[in-house]
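*Asks:* Sending over structure29.cif (mmCIF, C-alpha atoms).
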data_query
#
loop_
_atom_site.label_atom_id
_atom_site.label_comp_id
_atom_site.auth_asym_id
_atom_site.auth_seq_id
_atom_site.Cartn_x
_atom_site.Cartn_y
_atom_site.Cartn_z
CA MET A 1 3.17 0.34 22.64
CA ALA A 2 -0.14 1.72 21.33
CA VAL A 3 -1.30 0.70 17.87
CA TRP A 4 -0.83 4.28 16.67
CA ASP A 5 2.93 4.27 17.28
CA ASP A 6 3.64 2.85 13.81
CA VAL A 7 1.56 5.54 12.06
CA VAL A 8 4.44 7.91 11.35
CA GLY A 9 4.04 11.68 11.19
CA GLN A 10 0.22 11.71 11.12
CA ASP A 11 -0.72 13.17 14.51
CA ARG A 12 -3.96 14.81 13.39
CA LEU A 13 -5.16 11.67 11.65
CA THR A 14 -4.39 9.41 14.60
CA ALA A 15 -6.31 11.77 16.89
CA GLN A 16 -9.37 11.44 14.63
CA LEU A 17 -9.10 7.66 14.50
CA ALA A 18 -8.58 7.38 18.25
CA ALA A 19 -11.76 9.43 18.85
CA ALA A 20 -13.69 7.21 16.44
CA ALA A 21 -12.37 4.07 18.15
CA ARG A 22 -13.54 5.38 21.53
CA ASP A 23 -17.02 6.05 20.15
CA ALA A 24 -17.08 2.64 18.46
CA ASP A 25 -16.09 0.99 21.73
CA ALA A 26 -18.89 2.83 23.53
CA LEU A 27 -21.43 1.72 20.91
CA VAL A 28 -20.52 -1.96 21.23
CA THR A 29 -20.31 -1.79 25.02
CA ALA A 30 -23.78 -0.25 25.17
CA GLU A 31 -25.15 -2.96 22.89
CA HIS A 32 -23.63 -5.68 25.05
CA ALA A 33 -24.97 -4.08 28.21
CA GLY A 34 -28.49 -4.11 26.76
CA ALA A 35 -28.23 -7.57 25.22
CA GLY A 36 -31.22 -8.96 27.09
CA PRO A 37 -33.34 -8.84 30.25
CA ARG A 38 -32.49 -10.62 33.46
CA ALA A 39 -34.59 -13.56 34.68
CA GLY A 40 -38.11 -12.43 35.59
CA GLU A 41 -37.78 -9.07 33.79
CA GLN A 42 -39.77 -8.01 30.77
CA PRO A 43 -37.68 -7.18 27.69
CA ASP A 44 -37.44 -3.55 26.63
CA PRO A 45 -39.30 -2.53 23.49
CA GLU A 46 -37.39 -3.21 20.29
CA PRO A 47 -35.42 -0.06 19.40
CA GLU A 48 -35.73 1.53 16.00
CA PRO A 49 -32.96 0.33 13.67
CA GLN A 50 -30.10 2.84 13.51
CA THR A 51 -28.99 3.93 10.06
CA SER A 52 -25.41 4.68 9.10
CA ALA A 53 -26.34 8.39 8.97
CA ASP A 54 -27.60 8.19 12.56
CA ARG A 55 -24.36 6.55 13.69
CA SER A 56 -22.10 9.05 11.95
CA SER A 57 -24.06 12.07 13.21
CA ALA A 58 -24.11 10.80 16.80
CA SER A 59 -20.40 10.00 17.02
CA GLN A 60 -17.04 10.09 15.30
CA MET A 61 -17.58 6.49 14.18
CA THR A 62 -18.97 5.56 10.79
CA HIS A 63 -19.19 2.41 8.67
CA ALA A 64 -16.86 3.25 5.76
CA TRP A 65 -13.52 5.07 5.63
CA LEU A 66 -11.25 6.08 2.75
CA PHE A 67 -7.54 6.53 3.52
CA THR A 68 -5.64 8.42 0.82
CA GLY A 69 -2.10 9.68 0.60
CA PRO A 70 1.06 9.49 -1.50
CA PRO A 71 2.94 6.18 -1.74
CA GLY A 72 4.81 5.45 1.47
CA SER A 73 2.66 7.70 3.63
CA GLY A 74 1.36 4.72 5.61
CA ARG A 75 -2.22 4.35 4.39
CA SER A 76 -2.47 0.62 5.07
CA THR A 77 -0.58 0.98 8.36
CA ALA A 78 -3.13 3.54 9.57
CA ALA A 79 -6.03 1.32 8.44
CA ARG A 80 -4.58 -1.70 10.24
CA ALA A 81 -4.01 0.34 13.40
CA PHE A 82 -7.63 1.51 13.32
CA ALA A 83 -8.82 -2.07 12.78
CA ALA A 84 -6.81 -3.13 15.83
CA ALA A 85 -8.25 -0.32 17.95
CA LEU A 86 -11.77 -1.36 16.95
CA GLN A 87 -11.04 -4.92 18.15
CA CYS A 88 -9.23 -3.88 21.34
CA VAL A 89 -10.35 -5.85 24.42
CA SER A 90 -7.96 -4.33 26.97
CA PRO A 91 -9.48 -4.23 30.47
CA ASP A 92 -8.11 -0.70 30.82
CA ARG A 93 -10.98 0.52 28.66
CA ALA A 94 -13.33 0.08 31.61
CA LEU A 95 -11.09 2.44 33.60
CA GLY A 96 -11.13 5.15 30.96
CA GLY A 97 -8.25 3.88 28.84
CA ALA A 98 -8.40 4.44 25.08
CA PRO A 99 -8.87 1.45 22.76
CA GLY A 100 -5.76 0.44 20.85
CA CYS A 101 -3.42 -0.66 23.63
CA GLY A 102 -1.33 -2.76 21.24
CA PHE A 103 -0.88 -5.61 23.73
CA CYS A 104 -4.24 -7.36 24.10
CA ASP A 105 -5.27 -10.32 21.97
CA GLY A 106 -7.59 -8.21 19.82
CA CYS A 107 -4.89 -5.65 19.00
CA HIS A 108 -2.11 -8.19 18.46
CA THR A 109 -4.02 -10.54 16.17
CA SER A 110 -5.42 -7.63 14.14
CA LEU A 111 -1.96 -6.19 13.55
CA VAL A 112 -0.39 -9.49 12.51
CA GLY A 113 -3.35 -10.44 10.31
CA THR A 114 -4.74 -13.45 12.18
CA HIS A 115 -7.88 -11.96 13.77
CA ALA A 116 -10.98 -13.89 12.72
CA ASP A 117 -12.99 -10.69 12.19
CA VAL A 118 -10.37 -8.61 10.38
CA GLU A 119 -10.00 -9.34 6.67
CA ILE A 120 -6.94 -7.67 5.12
CA VAL A 121 -7.12 -7.64 1.32
CA ARG A 122 -4.16 -6.78 -0.89
CA THR A 123 -3.45 -7.85 -4.43
CA ASP A 124 -0.20 -8.87 -6.05
CA VAL A 125 -1.71 -8.67 -9.54
CA LEU A 126 -2.78 -5.68 -11.63
CA SER A 127 -6.44 -5.48 -10.61
CA ILE A 128 -9.16 -6.77 -8.27
CA GLY A 129 -12.02 -8.34 -10.16
CA VAL A 130 -15.71 -8.97 -9.63
CA LYS A 131 -15.30 -12.51 -8.28
CA GLU A 132 -12.96 -11.49 -5.46
CA THR A 133 -15.16 -8.50 -4.60
CA ARG A 134 -18.29 -10.62 -4.35
CA ASP A 135 -16.48 -12.86 -1.87
CA LEU A 136 -15.68 -9.77 0.21
CA VAL A 137 -19.28 -8.56 0.09
CA ARG A 138 -20.49 -11.95 1.33
CA ARG A 139 -17.94 -11.78 4.15
CA SER A 140 -19.08 -8.27 5.10
CA SER A 141 -22.68 -9.45 5.63
CA LEU A 142 -21.64 -11.79 8.44
CA SER A 143 -21.80 -10.88 12.10
CA PRO A 144 -18.49 -10.79 14.00
CA ALA A 145 -17.40 -14.31 14.95
CA GLY A 146 -15.86 -13.27 18.24
CA GLY A 147 -14.60 -9.74 17.90
CA ARG A 148 -16.36 -6.45 18.39
CA TRP A 149 -16.60 -5.51 14.71
CA GLN A 150 -16.35 -7.15 11.30
CA VAL A 151 -13.55 -5.12 9.67
CA ILE A 152 -12.50 -5.34 6.03
CA VAL A 153 -9.27 -3.55 5.06
CA LEU A 154 -8.98 -3.14 1.28
CA GLU A 155 -5.39 -1.95 0.81
CA ASP A 156 -5.61 -1.56 -2.99
CA ALA A 157 -9.02 0.02 -3.54
CA ASP A 158 -7.55 1.86 -6.53
CA ARG A 159 -7.09 -1.49 -8.30
CA LEU A 160 -10.80 -2.36 -8.30
CA THR A 161 -12.14 -2.78 -11.81
CA GLU A 162 -15.26 -0.78 -12.66
CA GLY A 163 -17.40 -3.90 -12.32
CA ALA A 164 -15.84 -4.74 -8.96
CA GLY A 165 -16.46 -1.19 -7.76
CA ASN A 166 -20.13 -1.48 -8.64
CA VAL A 167 -20.34 -4.76 -6.70
CA LEU A 168 -18.71 -3.09 -3.68
CA LEU A 169 -20.99 -0.05 -3.84
CA LYS A 170 -24.08 -1.84 -2.49
CA ALA A 171 -22.18 -3.19 0.53
CA VAL A 172 -20.72 0.21 1.36
CA GLU A 173 -24.06 1.94 0.83
CA GLU A 174 -26.05 -0.45 3.04
CA PRO A 175 -23.58 -2.08 5.44
CA ALA A 176 -24.32 -4.68 8.05
CA PRO A 177 -24.74 -3.10 11.51
CA ARG A 178 -21.33 -4.19 12.85
CA THR A 179 -19.28 -4.08 9.63
CA VAL A 180 -16.63 -1.45 8.91
CA TRP A 181 -14.96 -0.92 5.51
CA LEU A 182 -11.46 0.60 5.44
CA LEU A 183 -10.43 1.46 1.87
CA CYS A 184 -6.94 2.65 0.91
CA ALA A 185 -5.98 4.46 -2.30
CA PRO A 186 -3.41 7.03 -3.45
CA SER A 187 -6.09 9.70 -4.05
CA VAL A 188 -9.86 10.14 -4.06
CA GLU A 189 -9.78 10.23 -7.87
CA ASP A 190 -8.62 6.60 -7.85
CA VAL A 191 -11.95 5.46 -6.33
CA LEU A 192 -15.37 5.52 -7.96
CA PRO A 193 -17.25 8.75 -7.04
CA THR A 194 -20.24 6.71 -5.86
CA ILE A 195 -18.04 4.86 -3.38
CA ARG A 196 -15.95 7.75 -2.09
CA SER A 197 -19.11 9.83 -1.49
CA ARG A 198 -20.22 7.20 1.03
CA CYS A 199 -16.91 7.08 2.94
CA ARG A 200 -15.36 9.36 5.51
CA HIS A 201 -12.18 10.62 3.89
CA LEU A 202 -8.86 10.81 5.74
CA SER A 203 -5.84 12.24 3.93
CA LEU A 204 -2.30 11.29 4.92
CA ARG A 205 0.77 13.37 4.14
CA THR A 206 4.30 12.30 3.31
CA PRO A 207 5.98 11.76 6.71
CA PRO A 208 8.95 14.00 7.63
CA VAL A 209 12.35 12.46 6.94
CA ALA A 210 13.30 12.70 10.62
CA ALA A 211 10.15 10.80 11.67
CA VAL A 212 10.86 7.99 9.19
CA ALA A 213 14.48 7.73 10.38
CA ASP A 214 13.29 7.59 13.98
CA VAL A 215 10.89 4.70 13.34
CA LEU A 216 13.61 2.76 11.48
CA VAL A 217 15.90 3.09 14.49
CA ARG A 218 13.20 2.40 17.08
CA ARG A 219 11.30 -0.43 15.40
CA ASP A 220 13.84 -2.04 13.08
CA GLY A 221 17.06 -1.55 15.03
CA ILE A 222 18.84 0.21 12.17
CA GLU A 223 21.87 2.36 12.93
CA PRO A 224 20.91 6.06 13.12
CA GLU A 225 23.25 7.10 10.31
CA ALA A 226 21.99 4.39 7.94
CA ALA A 227 18.37 5.14 8.90
CA ASP A 228 18.81 8.85 8.20
CA ARG A 229 20.47 8.13 4.85
CA ALA A 230 17.68 5.75 3.78
CA ALA A 231 14.91 8.11 4.90
CA ARG A 232 16.47 11.04 3.08
CA ALA A 233 17.08 9.01 -0.10
CA THR A 234 13.43 7.91 -0.26
CA GLN A 235 12.05 11.32 0.78
CA GLY A 236 9.85 9.94 3.55
CA HIS A 237 8.59 6.74 1.90
CA ILE A 238 8.47 4.39 4.90
CA GLY A 239 8.42 1.04 3.08
CA ARG A 240 11.15 1.95 0.60
CA ALA A 241 13.31 3.41 3.37
CA ARG A 242 13.11 0.18 5.34
CA ARG A 243 13.96 -1.91 2.30
CA LEU A 244 16.86 0.36 1.35
CA ALA A 245 18.27 0.20 4.87
CA THR A 246 18.01 -3.58 5.18
CA ASP A 247 18.48 -4.99 1.65
CA GLU A 248 21.90 -4.83 0.01
CA ARG A 249 20.42 -5.76 -3.38
CA ALA A 250 18.05 -2.78 -3.21
CA ARG A 251 20.98 -0.45 -2.52
CA ALA A 252 22.94 -1.90 -5.44
CA ARG A 253 20.00 -1.50 -7.84
CA ARG A 254 19.46 2.08 -6.73
CA ALA A 255 23.15 2.89 -7.21
CA ALA A 256 22.92 1.56 -10.78
CA VAL A 257 19.85 3.71 -11.51
CA LEU A 258 21.58 6.87 -10.27
CA LYS A 259 24.39 6.29 -12.79
CA LEU A 260 21.97 6.41 -15.72
CA PRO A 261 22.06 10.24 -16.22
CA LEU A 262 25.79 9.97 -16.96
CA ARG A 263 25.27 7.26 -19.58
CA THR A 264 23.06 9.14 -22.04
CA ASP A 265 25.80 10.92 -24.03
CA ASP A 266 24.97 8.94 -27.18
CA ILE A 267 22.08 6.89 -28.55
CA GLY A 268 23.91 3.61 -27.95
CA GLY A 269 24.37 4.46 -24.28
CA CYS A 270 20.69 5.40 -23.98
CA LEU A 271 19.48 2.10 -25.44
CA LYS A 272 21.92 0.06 -23.36
CA ALA A 273 20.90 1.83 -20.14
CA ALA A 274 17.22 1.25 -20.97
CA GLN A 275 17.79 -2.46 -21.56
CA GLU A 276 19.63 -2.77 -18.25
CA LEU A 277 16.72 -1.15 -16.39
CA ILE A 278 14.30 -3.62 -17.98
CA ASP A 279 16.61 -6.54 -17.18
CA ALA A 280 16.88 -5.46 -13.54
CA ALA A 281 13.09 -5.25 -13.25
CA GLY A 282 12.81 -8.70 -14.83
CA GLU A 283 15.31 -10.05 -12.31
CA ASP A 284 13.15 -8.71 -9.48
CA ALA A 285 10.12 -10.51 -10.94
CA LYS A 286 12.18 -13.69 -11.29
CA GLN A 287 13.27 -13.55 -7.65
CA VAL A 288 9.66 -13.19 -6.51
CA ALA A 289 8.71 -16.15 -8.70
CA GLU A 290 11.48 -18.29 -7.23
CA ASP A 291 10.39 -17.41 -3.69
CA VAL A 292 6.64 -17.78 -4.13
CA ASP A 293 5.59 -19.55 -7.34
CA THR A 294 7.27 -22.89 -6.67
CA LYS A 295 5.77 -23.10 -3.19
CA GLU A 296 2.29 -22.19 -4.44
CA THR A 297 2.47 -24.73 -7.25
CA GLU A 298 3.59 -27.56 -4.98
CA GLU A 299 0.90 -26.74 -2.42
CA LEU A 300 -1.80 -26.79 -5.11
CA ARG A 301 -0.53 -30.05 -6.59
CA ALA A 302 -0.59 -31.60 -3.12
CA ALA A 303 -4.13 -30.33 -2.54
CA LEU A 304 -5.20 -31.84 -5.88
CA GLY A 305 -3.64 -35.19 -5.07
CA ALA A 306 -0.53 -34.96 -7.24
CA ALA A 307 2.10 -34.57 -4.53
CA ALA A 308 5.49 -36.24 -4.63
CA GLY A 309 5.14 -40.03 -4.70
CA THR A 310 1.97 -40.07 -6.80
CA GLY A 311 3.72 -40.05 -10.14
CA GLY A 312 3.29 -36.28 -10.53
CA ARG A 313 0.23 -36.63 -12.75
CA LEU A 314 -2.73 -34.37 -11.95
CA PRO A 315 -6.10 -36.10 -11.40
CA ARG A 316 -8.57 -35.74 -14.22
CA GLY A 317 -10.60 -32.53 -14.13
CA THR A 318 -8.06 -30.49 -12.12
CA ALA A 319 -6.08 -28.94 -14.98
CA GLY A 320 -8.28 -25.83 -14.83
CA ALA A 321 -7.21 -25.06 -11.25
CA MET A 322 -3.55 -25.33 -12.21
CA LYS A 323 -4.10 -23.09 -15.25
CA GLU A 324 -5.80 -20.49 -13.04
CA LEU A 325 -2.81 -20.46 -10.68
CA GLN A 326 -0.37 -20.08 -13.58
CA ASP A 327 -2.37 -17.13 -14.93
CA LYS A 328 -2.30 -15.50 -11.50
CA GLN A 329 1.46 -16.00 -11.24
CA LYS A 330 1.94 -14.47 -14.69
CA ARG A 331 -0.09 -11.39 -13.71
CA ARG A 332 1.90 -11.09 -10.47
CA SER A 333 5.16 -11.24 -12.42
CA THR A 334 3.94 -8.43 -14.67
CA ARG A 335 3.03 -6.27 -11.70
CA THR A 336 6.33 -6.99 -9.94
CA GLN A 337 8.27 -5.95 -13.02
CA ARG A 338 6.26 -2.74 -13.39
CA ASP A 339 6.55 -1.90 -9.69
CA SER A 340 10.31 -2.41 -9.87
CA LEU A 341 10.54 -0.18 -12.94
CA ASP A 342 8.40 2.48 -11.28
CA LEU A 343 10.66 2.43 -8.24
CA ALA A 344 13.70 3.00 -10.47
CA LEU A 345 11.93 5.92 -12.17
CA VAL A 346 11.11 7.48 -8.80
CA ASP A 347 14.82 7.29 -7.89
CA LEU A 348 15.68 8.89 -11.23
CA THR A 349 13.21 11.70 -10.57
CA SER A 350 14.84 12.36 -7.18
CA PHE A 351 18.23 12.66 -8.93
CA TYR A 352 16.98 15.40 -11.24
CA ARG A 353 15.18 17.02 -8.31
CA ASP A 354 18.58 17.39 -6.65
CA VAL A 355 20.04 18.76 -9.90
CA LEU A 356 17.26 21.35 -10.10
CA ALA A 357 17.73 22.31 -6.44
CA LEU A 358 21.42 23.06 -7.10
CA GLN A 359 20.68 25.01 -10.26
CA MET A 360 18.08 27.15 -8.50
CA GLY A 361 20.24 27.68 -5.40
CA ALA A 362 17.62 26.12 -3.13
CA SER A 363 18.72 25.58 0.46
CA VAL A 364 17.41 22.01 0.77
CA PRO A 365 19.45 18.89 1.58
CA LEU A 366 20.21 16.57 -1.32
CA ALA A 367 18.23 13.34 -1.35
CA ASN A 368 21.08 11.54 -3.11
CA ASP A 369 24.09 12.89 -1.28
CA GLU A 370 26.13 9.77 -2.11
CA VAL A 371 26.27 10.84 -5.78
CA ARG A 372 26.87 14.52 -5.09
CA ASP A 373 29.68 14.69 -7.69
CA SER A 374 27.40 13.41 -10.45
CA ILE A 375 24.66 15.83 -9.46
CA HIS A 376 27.08 18.77 -9.58
CA ARG A 377 28.36 17.61 -12.96
CA ILE A 378 24.89 17.42 -14.53
CA ALA A 379 23.82 20.69 -12.89
CA GLY A 380 26.84 22.51 -14.27
CA SER A 381 26.44 21.21 -17.81
CA SER A 382 22.73 21.98 -18.28
CA THR A 383 20.06 24.53 -17.43
CA PRO A 384 17.00 24.45 -15.13
CA GLU A 385 14.78 24.35 -18.24
CA ARG A 386 16.52 21.21 -19.51
CA THR A 387 16.29 19.61 -16.06
CA LEU A 388 12.54 20.25 -15.95
CA ARG A 389 12.14 18.65 -19.37
CA ARG A 390 14.06 15.62 -18.13
CA ILE A 391 11.81 15.32 -15.08
CA GLU A 392 8.80 15.54 -17.43
CA ALA A 393 10.31 12.74 -19.55
CA VAL A 394 10.54 10.46 -16.51
CA ILE A 395 6.94 11.28 -15.52
CA ALA A 396 5.80 10.60 -19.09
CA CYS A 397 7.49 7.20 -18.95
CA ARG A 398 5.64 6.32 -15.74
CA GLU A 399 2.34 7.34 -17.33
CA ALA A 400 3.11 5.28 -20.43
CA LEU A 401 3.72 2.21 -18.27
CA ASP A 402 0.36 2.80 -16.57
CA ARG A 403 -1.23 2.73 -20.03
CA ASN A 404 0.36 -0.66 -20.74
CA VAL A 405 2.93 0.62 -23.24
CA ALA A 406 5.66 -2.00 -23.81
CA PRO A 407 8.17 -1.36 -20.99
CA LEU A 408 11.29 -1.44 -23.16
CA LEU A 409 9.78 0.99 -25.67
CA ALA A 410 8.71 3.41 -22.91
CA VAL A 411 12.09 3.34 -21.16
CA GLU A 412 14.03 3.74 -24.43
CA ALA A 413 11.94 6.78 -25.33
CA MET A 414 12.64 8.24 -21.89
CA ALA A 415 16.39 7.63 -22.15
CA VAL A 416 16.56 9.38 -25.52
CA ALA A 417 14.56 12.31 -24.10
CA LEU A 418 16.99 12.54 -21.18
CA ARG A 419 19.85 12.83 -23.66
CA ALA A 420 18.09 15.61 -25.59
CA GLY A 421 17.10 17.47 -22.44
#
Could you render the structure from this file as structure tokens?
*Replies:*
Amino acid sequence: MAVWDDVVGQDRLTAQLAAAARDADALVTAEHAGAGPRAGEQPDPEPEPQTSADRSSASQMTHAWLFTGPPGSGRSTAARAFAAALQCVSPDRALGGAPGCGFCDGCHTSLVGTHADVEIVRTDVLSIGVKETRDLVRRSSLSPAGGRWQVIVLEDADRLTEGAGNVLLKAVEEPAPRTVWLLCAPSVEDVLPTIRSRCRHLSLRTPPVAAVADVLVRRDGIEPEAADRAARATQGHIGRARRLATDERARARRAAVLKLPLRTDDIGGCLKAAQELIDAAGEDAKQVAEDVDTKETEELRAALGAAAGTGGRLPRGTAGAMKELQDKQKRRSTRTQRDSLDLALVDLTSFYRDVLALQMGASVPLANDEVRDSIHRIAGSSTPERTLRRIEAVIACREALDRNVAPLLAVEAMAVALRAG
């Protein structure tokens, strides 16, 4: 299975990346072939150093790439697949085979995240700061330890602070000869103009529902009917579709969200529904904390010499490290809660999208067919204008959360607006 098989519904993009990987492979192969003279031979004159502009004009390969696309389009999957193709060591390449076989050691370790020369960076907090970015820049200046390229995949480039972006700019502007930056963000506007102007931009689209259902069946072994239902409900969001098809708790939470439009008949119902949404998001954050925080804390205590059997007291001078971990866990909990809330609001938007489709007589399949009766009820008791205002209220709530408005206040305001229509 080639590395591109998991990049769903992006045929044009994978063709571009495959061409770049072939050119990158040719560049490294040529460098290795001219690594030095044989015994008794005089070395060739030192070639002029090749700039990034020279490399990009001579081939499809360049030193910095920006992958953009809507959530669930597979930005990080495409970046990882490209990283794997760049590290491919399949012997078939010598026979004309394309890099990215998916089976060799270079491809496999890149895809699973254990390749020594592929750094995959994602954040579970709200932003990426200067300190973390400086560490990445130092890493990017190193030569490959054993692979063909030094590849850095930054999955959340949109979460770079302004200071971190300025630190990254120098490394992207003047990269090491065998370093490749792969940045991922929802849109080009989410990345500093100075950075995006130095990257080759690749735009991903939302994958077709049928393509997402197919990959769930083929890769995850999900029953075709369940895969189709999950893909349709998430409108082509690959990660959410997989979670919905495999996690009973995710299905239960989504079912609860889709009942909210029927619970806004009075102010009391609005406020109660809002509180329940916040509580559900908090429960998600709590589950993540139970799964991750305890393990992280115990591992740090052991590393600091306060493991079980030592009385549990931290050695002097190590309290700062523990405080730093606790702050990180608090930021992660905040992001988890907001991500969970945002997911609920996306589901709510899809409900009103179905309502609007019915009201306008559009011949499109319902995303939420399992609550067809509720959709018909809301559609029959309101107008398209009211439905549009309700969709705008949900969008306004998402924007308020992005601006750090108190979650309960933002969701309560949305619920009241849904009632008013």
*Asks:* Taking the file above as input, evaluate the PyMOL selection byres ((chain A and resi 397) around 12) and report the hits as a PyMOL selection string.
*Replies:* chain A and resi 274+338+341-342+344-346+348-349+390-396+398-418
*Asks:* List the spatial neighbours of segment 101-108 of chain A as a short mmCIF file (atom, residue, chain, number, x, y, z; two decimals) with C-alpha atoms, in the coordinates of the input - criterion: any atom at most 12 Å away, all atoms listed in the file, same-chain residues fewer than 5 positions off excluded.
*Replies:*
data_model
loop_
_atom_site.label_atom_id
_atom_site.label_comp_id
_atom_site.auth_asym_id
_atom_site.auth_seq_id
_atom_site.Cartn_x
_atom_site.Cartn_y
_atom_site.Cartn_z
CA MET A 1 3.17 0.34 22.64
CA ALA A 2 -0.14 1.72 21.33
CA VAL A 3 -1.30 0.70 17.87
CA TRP A 4 -0.83 4.28 16.67
CA ASP A 5 2.93 4.27 17.28
CA ASP A 6 3.64 2.85 13.81
CA ALA A 18 -8.58 7.38 18.25
CA ALA A 21 -12.37 4.07 18.15
CA ARG A 22 -13.54 5.38 21.53
CA ARG A 80 -4.58 -1.70 10.24
CA ALA A 81 -4.01 0.34 13.40
CA PHE A 82 -7.63 1.51 13.32
CA ALA A 83 -8.82 -2.07 12.78
CA ALA A 84 -6.81 -3.13 15.83
CA ALA A 85 -8.25 -0.32 17.95
CA LEU A 86 -11.77 -1.36 16.95
CA GLN A 87 -11.04 -4.92 18.15
CA CYS A 88 -9.23 -3.88 21.34
CA VAL A 89 -10.35 -5.85 24.42
CA SER A 90 -7.96 -4.33 26.97
CA PRO A 91 -9.48 -4.23 30.47
CA ASP A 92 -8.11 -0.70 30.82
CA ARG A 93 -10.98 0.52 28.66
CA GLY A 113 -3.35 -10.44 10.31
CA THR A 114 -4.74 -13.45 12.18
CA HIS A 115 -7.88 -11.96 13.77
CA ALA A 116 -10.98 -13.89 12.72
CA ASP A 117 -12.99 -10.69 12.19
CA VAL A 118 -10.37 -8.61 10.38
CA GLY A 146 -15.86 -13.27 18.24
CA GLY A 147 -14.60 -9.74 17.90
CA ARG A 148 -16.36 -6.45 18.39
CA TRP A 149 -16.60 -5.51 14.71
#
*Asks:* Which is closest to Arg242 of chain A among A:Ala227, A:Ala20, A:Ala157, A:Ala94, if we use only C-alpha atoms?
*Replies:*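 For Arg242 of chain A, the nearest of the given residues is A:Ala227.
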*Asks:* Which distance in Å separates atom CA of Arg12 of chain A and atom CA of Arg205 of chain A, to one decimal?
*Replies:*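 So the two atoms, atom CA of Arg12 of chain A and atom CA of Arg205 of chain A, lie 10.5 Å apart.
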*Asks:* To one decimal in Å, tell me the separation between atom CA of Asp214 of chain A and atom CA of Leu258 of chain A.
*Replies:*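 Taking atom CA of Asp214 of chain A and atom CA of Leu258 of chain A, their separation equals 25.6 Å.
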*Asks:* Please, what distance in Å, to one decimal, runs between atom CA of Gln329 of chain A and atom CA of Leu277 of chain A?
*Replies:*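 That distance, rounded to one decimal, is 21.9 Å.
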*Asks:* Write out as a count of residues only each polymer residue whose atoms come within 9 Å of Gly74 of chain A, counting all atoms listed in the file; drop sequence neighbours fewer than 5 positions from it.
*Replies:* 13
*Asks:* Restricting the calculation to all atoms listed in the file, which member of A:Thr68, A:Thr383, A:Gln60, A:Ser140 is positioned closest to Glu189 of chain A?
*Replies:*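 Comparing A:Thr68, A:Thr383, A:Gln60, A:Ser140 against Glu189 of chain A, the winner is A:Thr68.
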*Asks:* Would you kindly translate the PyMOL selection byres ((chain A and resi 134) around 12) into the concrete residues it picks from this file, as a PyMOL selection string?
*Replies:* chain A and resi 128-133+135-141+160+163-171
*Asks:* Compile the contact shell of Asp190 of chain A as a JSON list (two decimals) with C-alpha atoms, in the coordinates of the input: residues with an atom at most 10 Å away, counting only C-alpha atoms, same-chain residues fewer than 3 positions apart removed.
*Replies:*
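Full text of part.json as output:
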[["chain", "number", "residue", "atom", "x", "y", "z"],
["A", 68, "THR", "CA", -5.64, 8.42, 0.82],
["A", 156, "ASP", "CA", -5.61, -1.56, -2.99],
["A", 157, "ALA", "CA", -9.02, 0.02, -3.54],
["A", 158, "ASP", "CA", -7.55, 1.86, -6.53],
["A", 159, "ARG", "CA", -7.09, -1.49, -8.30],
["A", 160, "LEU", "CA", -10.80, -2.36, -8.30],
["A", 184, "CYS", "CA", -6.94, 2.65, 0.91],
["A", 185, "ALA", "CA", -5.98, 4.46, -2.30],
["A", 186, "PRO", "CA", -3.41, 7.03, -3.45],
["A", 187, "SER", "CA", -6.09, 9.70, -4.05],
["A", 193, "PRO", "CA", -17.25, 8.75, -7.04],
["A", 196, "ARG", "CA", -15.95, 7.75, -2.09]]
*Asks:* Show me the residues close to (-7.1, 11.5, 6.1) - anything with an atom within 6 Å, counting only C-alpha atoms - and format the list as an MDAnalysis selection string.
*Replies:* chainID A and resid 13 67 201:204
*Asks:* Using C-alpha atoms, can you export the residues from the last selection as an mmCIF file, in the coordinates of the input?
*Replies:*
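Wrote part.cif, looks like this:
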data_model
loop_
_atom_site.group_PDB
_atom_site.id
_atom_site.type_symbol
_atom_site.label_atom_id
_atom_site.label_comp_id
_atom_site.auth_asym_id
_atom_site.auth_seq_id
_atom_site.Cartn_x
_atom_site.Cartn_y
_atom_site.Cartn_z
ATOM 1 C CA LEU A 13 -5.160 11.670 11.650
ATOM 2 C CA PHE A 67 -7.540 6.530 3.520
ATOM 3 C CA HIS A 201 -12.180 10.620 3.890
ATOM 4 C CA LEU A 202 -8.860 10.810 5.740
ATOM 5 C CA SER A 203 -5.840 12.240 3.930
ATOM 6 C CA LEU A 204 -2.300 11.290 4.920
#
*Asks:* I need the output of the PyMOL selection byres ((chain A and resi 330-335) around 7) for this file as a list in words; which residues are they?
*Replies:*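 Checked against the file, the PyMOL selection byres ((chain A and resi 330-335) around 7) matches Asp124, Val125, Leu126, Ala285, Gln326, Asp327, Lys328, Gln329, Thr336, Gln337, Arg338 and Asp339 of chain A.
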*Asks:* Could you save the residues just selected, with C-alpha atoms, as an mmCIF file, keeping the file's coordinate frame?
*Replies:*
data_model
loop_
_atom_site.group_PDB
_atom_site.id
_atom_site.type_symbol
_atom_site.label_atom_id
_atom_site.label_comp_id
_atom_site.auth_asym_id
_atom_site.auth_seq_id
_atom_site.Cartn_x
_atom_site.Cartn_y
_atom_site.Cartn_z
ATOM 1 C CA ASP A 124 -0.200 -8.870 -6.050
ATOM 2 C CA VAL A 125 -1.710 -8.670 -9.540
ATOM 3 C CA LEU A 126 -2.780 -5.680 -11.630
ATOM 4 C CA ALA A 285 10.120 -10.510 -10.940
ATOM 5 C CA GLN A 326 -0.370 -20.080 -13.580
ATOM 6 C CA ASP A 327 -2.370 -17.130 -14.930
ATOM 7 C CA LYS A 328 -2.300 -15.500 -11.500
ATOM 8 C CA GLN A 329 1.460 -16.000 -11.240
ATOM 9 C CA THR A 336 6.330 -6.990 -9.940
ATOM 10 C CA GLN A 337 8.270 -5.950 -13.020
ATOM 11 C CA ARG A 338 6.260 -2.740 -13.390
ATOM 12 C CA ASP A 339 6.550 -1.900 -9.690
#
